[in-house]
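K.L.:
Structure incoming, see below.
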Amino acid sequence: METQELISVIVPVYNVAQYLDACIISIQKQTYVHLEIILIDDGSTDESCSICDKYALEDNRIRVIHQKNEGLSSARNKGISICRGEYISFIDSDDFVNNGFIETMYKTMVDSGCDLVCMESVRFYDGDERNVYSYWNRINSQKEQYKVYLSEQILDIAFYQKLSITGAQLKLYKKKLFLNIRFPEGRYYEDLATAYLFILCSRRVAVLYNRLYAYRVRKSSIMGGKFNERCLD
């Protein structure tokens with residue numbers, strides 16, 4: 001690409017030292033290089049904070065914010081408030097992405113004229129990354145394809161779980177979508193509380209067929225934990 005617009009990649013970080021290197025390296029290896037990588041250390045008590053600082057010293061695209069533990073929504077909102085890009089993407093710090101994750105979504109957004117681009121994830125159980133790379137090797141030579149939906153259409157599809165695109169971290173957003181939207185703080189499942197708002201503000205949404213985001217399933221995560229009253233959120 002001759003002209004590359006700045007894209008902000010926001011990564012909330014909390015006690016994920018075991019996975020953080022893989023996540024950050026996968027972002028650094030993106031074929032779309034004009035990135036602002038914002039690592040929000042949300043009060044980590046393990047080595048995560050020092051890992052963030054180490055990568056910031058090595059790569060001038062990386063900015064690190066250390067804050068007291070306020071939760072995932074607060075970390076994402078902080079990144080939104082300070083980012084400089086015209087586009088925003090979220091990546092969870094225990095996940096990792098294909099080298100073409102950002103570029104593919106950006107090209108799709110430009111080609112389709114949409115304000116929001118989504119994809120589903122490759123889900124894998126912690127320690128079984130081989131399945132992810134096997135899938136990516138199979139689709140490596142395939143031409144990227146996508147479908148454009150009206151916002152009402154994609155809401156109907158998502159509501160009936162025909163597509164799993166409600167996660168905040170499976171998308172490329174135009175920054176203007178965040179003008180009046182933030183993630184609710186102090187609550188679980190903040191993705192579900194906001195996904196439909198971003199879709200309604202977009203009018204049209206592009207959905208990619210290939211899955212370039214690797215979502216790690218682990219027992220200690222919110223999704224993998226036992227049911228409690230906060231799950232009613």
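Each chain in the structure tokens gets a letter, A, B and so on, in the order shown; residues start at 1 in every chain, and ligands are counted from 1 in the order they appear.
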Considering only C-alpha atoms, return as a ChimeraX atom specification whatever protein or nucleic-acid residues lie within 9 Å of A:Glu129, sequence-local ones (same chain, fewer than 5 positions apart) excluded.

P.N.:
/A:124,134,214,216

K.L.:
So that each row is one residue of stretch 115-168 of chain A with an atom at most 7 Å from stretch 89-111 of chain A, can you give its shortest atom pair and the distance in Å to one decimal, using only C-alpha atoms, rows by chain and rising number, as a tab-separated table?

P.N.:
residue	atom	partner	partner_atom	distance
A:Asp115	CA	A:Met109	CA	6.8
A:Val117	CA	A:Met105	CA	6.2
A:Ala168	CA	A:Phe90	CA	6.6

K.L.:
Find, counting only C-alpha atoms, the residue in A:Lys54, A:Arg182, A:Lys176, A:Lys147 that gets nearest to A:Ile88.

P.N.:
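Looking at the shortest contact to A:Ile88, the residue is A:Lys176.
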
K.L.:
Between atom CA of A:Lys78 and atom CA of A:Leu200, what is the distance in Å, rounded to a tenth?

P.N.:
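These atoms are spaced 23.1 Å apart.
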
K.L.:
Which residue, A:Tyr213, A:Phe159, A:Phe178, A:Tyr125, has the smallest gap to A:Cys201 when you use only C-alpha atoms?

P.N.:
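For A:Cys201, the nearest of the given residues is A:Phe178.
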
K.L.:
Taking only stretch 3-219 of chain A into account, list the residues labelled alpha helix (DSSP H) by DSSP (computed from the backbone), as a ChimeraX atom specification.

P.N.:
/A:17-28,48-58,72-82,101-112,130-139,151-159,190-202

K.L.:
Need the shell around stretch 3-14 of chain A: protein/DNA/RNA residues with any atom at most 7 Å away, counting only C-alpha atoms. Skip same-chain ones fewer than 4 positions apart. Format as a PyMOL selection string?

P.N.:
chain A and resi 34-44+72+75-76+79+83-93

K.L.:
Work out how far atom CA of A:Lys68 is from atom CA of A:Ser48, in Å to one decimal.

P.N.:
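Taking atom CA of A:Ser48 as the start and atom CA of A:Lys68 as the end point, the length is 13.5 Å.
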
K.L.:
Within 10 Å of A:Ser164, counting only C-alpha atoms, which residues show up once you throw out same-chain ones fewer than 5 positions away? Write them as JSON, numbers by chain, please.

P.N.:
{"A": [118, 119, 120, 121, 157, 158, 159, 170]}

K.L.:
Taking only C-alpha atoms into account, name the residue in A:Cys49, A:Ile65, A:Thr31, A:Tyr196 that is nearest to A:Ala17.

P.N.:
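Checking each of A:Cys49, A:Ile65, A:Thr31, A:Tyr196 against A:Ala17, counting only C-alpha atoms, the winner is A:Cys49.
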
K.L.:
Could you please write out, as a PyMOL selection string, every residue of stretch 6-226 of chain A that DSSP assigns to strand (DSSP E)?

P.N.:
chain A and resi 7-13+35-42+62-67+87-90+96-97+116-118+122-125+146-150+171-174+204-208+213-217

K.L.:
Please compute the atom CA of A:Asp21-atom CA of A:Ile51 distance, one decimal, in Å.

P.N.:
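Pair atom CA of A:Asp21 / atom CA of A:Ile51 returns 7.6 Å.
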
K.L.:
Select, from A:Ala206, A:Pro184, A:Arg138, A:Arg61, the residue with the minimum atom-to-atom distance to A:Ser74, counting only C-alpha atoms.

P.N.:
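Result for the nearest residue to A:Ser74: A:Pro184.
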
K.L.:
Point out the residue among A:Ile82, A:Val64, A:Cys52, A:Val207 with the least atom-to-atom distance to A:Thr166, counting only C-alpha atoms.

P.N.:
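Residue with the minimum atom-to-atom distance to A:Thr166: A:Val207.
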
K.L.:
Tell me which of A:Tyr55, A:Asn69, A:Asp46, A:Leu179 sits closest to A:Cys23, counting only C-alpha atoms.

P.N.:
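For A:Cys23, the nearest of the candidates is A:Tyr55.
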